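Asker: My structure is stored as model.cif, with mmCIF, C-alpha atoms.
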```
data_model
#
loop_
_atom_site.label_atom_id
_atom_site.label_comp_id
_atom_site.auth_asym_id
_atom_site.auth_seq_id
_atom_site.Cartn_x
_atom_site.Cartn_y
_atom_site.Cartn_z
CA MET Z 1 0.00 0.00 0.00
CA THR Z 2 1.35 3.38 -0.99
CA LEU Z 3 -0.22 6.56 0.34
CA ILE Z 4 -0.42 9.37 -2.25
CA THR Z 5 -0.53 12.81 -0.65
CA ASP Z 6 -0.22 16.27 -2.11
CA PRO Z 7 3.24 17.89 -1.86
CA ALA Z 8 2.00 20.75 0.35
CA SER Z 9 0.84 18.26 2.99
CA LEU Z 10 4.11 16.34 2.81
CA LYS Z 11 6.07 19.57 3.24
CA ARG Z 12 3.92 20.76 6.16
CA ARG Z 13 4.12 17.43 7.97
CA TRP Z 14 7.89 17.13 7.50
CA GLN Z 15 8.38 20.73 8.62
CA GLU Z 16 6.32 20.19 11.78
CA ARG Z 17 7.73 16.75 12.63
CA GLU Z 18 11.39 16.94 11.62
CA VAL Z 19 12.51 20.53 11.06
CA ASP Z 20 10.69 22.72 13.58
CA PRO Z 21 11.67 20.66 16.66
CA LYS Z 22 15.35 20.96 15.65
CA THR Z 23 15.24 24.71 15.03
CA HIS Z 24 16.35 26.89 17.93
CA PHE Z 25 16.64 30.68 17.87
CA GLY Z 26 16.27 30.62 14.08
CA PHE Z 27 19.04 28.06 13.50
CA TYR Z 28 18.35 24.58 12.21
CA LEU Z 29 20.42 22.00 14.08
CA GLY Z 30 19.21 18.84 12.33
CA SER Z 31 20.56 16.81 9.45
CA LYS Z 32 21.25 18.14 5.96
CA ARG Z 33 19.26 15.21 4.57
CA SER Z 34 16.17 16.43 6.39
CA LYS Z 35 16.51 19.93 4.89
CA ARG Z 36 17.07 18.46 1.40
CA LEU Z 37 13.92 16.38 1.74
CA LEU Z 38 11.96 19.46 2.80
CA LYS Z 39 13.23 21.27 -0.29
CA THR Z 40 12.13 18.31 -2.45
CA TYR Z 41 8.65 18.39 -0.93
CA ARG Z 42 8.32 22.05 -1.98
CA ASP Z 43 8.56 21.03 -5.65
CA ALA Z 44 5.54 19.11 -7.00
CA ALA Z 45 7.53 17.80 -10.00
CA LYS Z 46 10.19 16.34 -7.70
CA VAL Z 47 7.54 14.68 -5.53
CA ALA Z 48 5.97 13.17 -8.66
CA GLY Z 49 9.44 11.89 -9.57
CA LEU Z 50 9.78 10.21 -6.17
CA TYR Z 51 6.45 8.46 -6.67
CA ASP Z 52 7.46 7.40 -10.21
CA ARG Z 53 10.71 5.90 -8.91
CA TRP Z 54 8.78 4.07 -6.19
CA PHE Z 55 6.30 2.65 -8.74
CA ASP Z 56 9.20 1.46 -10.89
CA PHE Z 57 10.71 -0.23 -7.83
CA ILE Z 58 7.55 -2.07 -6.76
CA ALA Z 59 6.37 -3.03 -10.28
CA PRO Z 60 8.41 -6.27 -10.54
CA LYS Z 61 7.70 -7.31 -6.95
CA PRO Z 62 5.27 -10.20 -6.42
CA GLY Z 63 1.90 -9.62 -4.82
CA GLU Z 64 -0.79 -7.01 -5.13
CA HIS Z 65 0.07 -3.36 -4.75
CA TYR Z 66 -2.40 -0.55 -4.19
CA LEU Z 67 -2.33 3.22 -3.97
CA LEU Z 68 -4.47 5.13 -1.52
CA ASP Z 69 -4.99 8.57 -3.04
CA THR Z 70 -5.74 11.01 -0.22
CA ARG Z 71 -5.76 14.01 -2.57
CA VAL Z 72 -9.45 13.31 -3.25
CA GLN Z 73 -12.35 12.90 -0.84
CA PRO Z 74 -13.23 10.25 -0.07
CA PRO Z 75 -9.77 8.73 -0.53
CA ARG Z 76 -9.59 6.38 -3.51
CA LEU Z 77 -7.99 2.93 -3.59
CA ILE Z 78 -6.25 2.20 -6.92
CA PRO Z 79 -4.56 -1.07 -7.95
CA THR Z 80 -1.10 -0.34 -9.36
CA THR Z 81 -1.97 -2.42 -12.41
CA LEU Z 82 -3.87 0.69 -13.57
CA ILE Z 83 -0.75 2.88 -13.31
CA GLY Z 84 1.37 3.32 -16.37
#
```
Could I get this structure in the form of structure tokens?
Answerer:
Amino acid sequence: MTLITDPASLKRRWQEREVDPKTHFGFYLGSKRSKRLLKTYRDAAKVAGLYDRWFDFIAPKPGEHYLLDTRVQPPRLIPTTLIG
């Protein structure tokens, strides 16, 4: 199961969970990786690229794979066989 979320939500959640707690007096004291990921989440095309790479990775794996698209209400369940 892969959760599909809009980039703005990913950015906000990462900011609140990983960046804000490690920012003190205006200085970020966390990892560079975390800041790079936040920058990626700001760019919808880069987020789409991450999902594309993930789909390419799971495609040859055995079993059933589904996407849960939370960008629509109610969330929609999509079999990955329909992706492509």
Asker: I would like the residues chosen by the PyMOL selection byres ((chain Z and resi 4) around 7) on the shown file; could you give them as a PyMOL selection string?
Answerer: chain Z and resi 2-3+5-6+67-70
Asker: Once the PyMOL selection byres ((chain Z and resi 35) around 12) has been applied to the shown file, what residues remain in the selection, as a list in words?
Answerer: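 So the PyMOL selection byres ((chain Z and resi 35) around 12), applied here, picks out Lys11, Trp14, Gln15, Glu18, Val19, Asp20, Lys22, Thr23, Tyr28, Leu29, Gly30, Ser31, Lys32, Arg33, Ser34, Arg36, Leu37, Leu38, Lys39, Thr40, Tyr41 and Arg42 of chain Z.
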Asker: Using Å and a single decimal, report how far atom CA of Z:Lys46 sits from atom CA of Z:Pro75.
Answerer: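 Computing it gives 22.5 Å between the two atoms.
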Asker: Assuming the chain letters and numbering stay as they are in my file, what does the PyMOL selection byres ((chain Z and resi 58-63) around 12) actually select? List them as a compact mmCIF listing (two decimals) with C-alpha atoms, in the coordinates of the input.
Answerer:
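The resulting file, expr-v3.txt, is shown below:
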```
# COMPACT_ATOMS: atom_id res chain seq x y z
CA MET Z 1 0.00 0.00 0.00
CA THR Z 2 1.35 3.38 -0.99
CA TYR Z 51 6.45 8.46 -6.67
CA ASP Z 52 7.46 7.40 -10.21
CA ARG Z 53 10.71 5.90 -8.91
CA TRP Z 54 8.78 4.07 -6.19
CA PHE Z 55 6.30 2.65 -8.74
CA ASP Z 56 9.20 1.46 -10.89
CA PHE Z 57 10.71 -0.23 -7.83
CA GLU Z 64 -0.79 -7.01 -5.13
CA HIS Z 65 0.07 -3.36 -4.75
CA TYR Z 66 -2.40 -0.55 -4.19
CA LEU Z 67 -2.33 3.22 -3.97
CA PRO Z 79 -4.56 -1.07 -7.95
CA THR Z 80 -1.10 -0.34 -9.36
CA THR Z 81 -1.97 -2.42 -12.41
CA LEU Z 82 -3.87 0.69 -13.57
CA ILE Z 83 -0.75 2.88 -13.31
CA GLY Z 84 1.37 3.32 -16.37
```
Asker: Please compute the atom CA of Z:Asp43-atom CA of Z:Arg12 distance, one decimal, in Å.
Answerer: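 Value for the atom CA of Z:Asp43-atom CA of Z:Arg12 distance: 12.7 Å.
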Asker: Using atom CA of Z:Gly26 and atom CA of Z:Ser9 as the two end points, give the distance in Å to one decimal.
Answerer: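 Atom-to-atom, atom CA of Z:Gly26 and atom CA of Z:Ser9 are spaced 22.7 Å apart.
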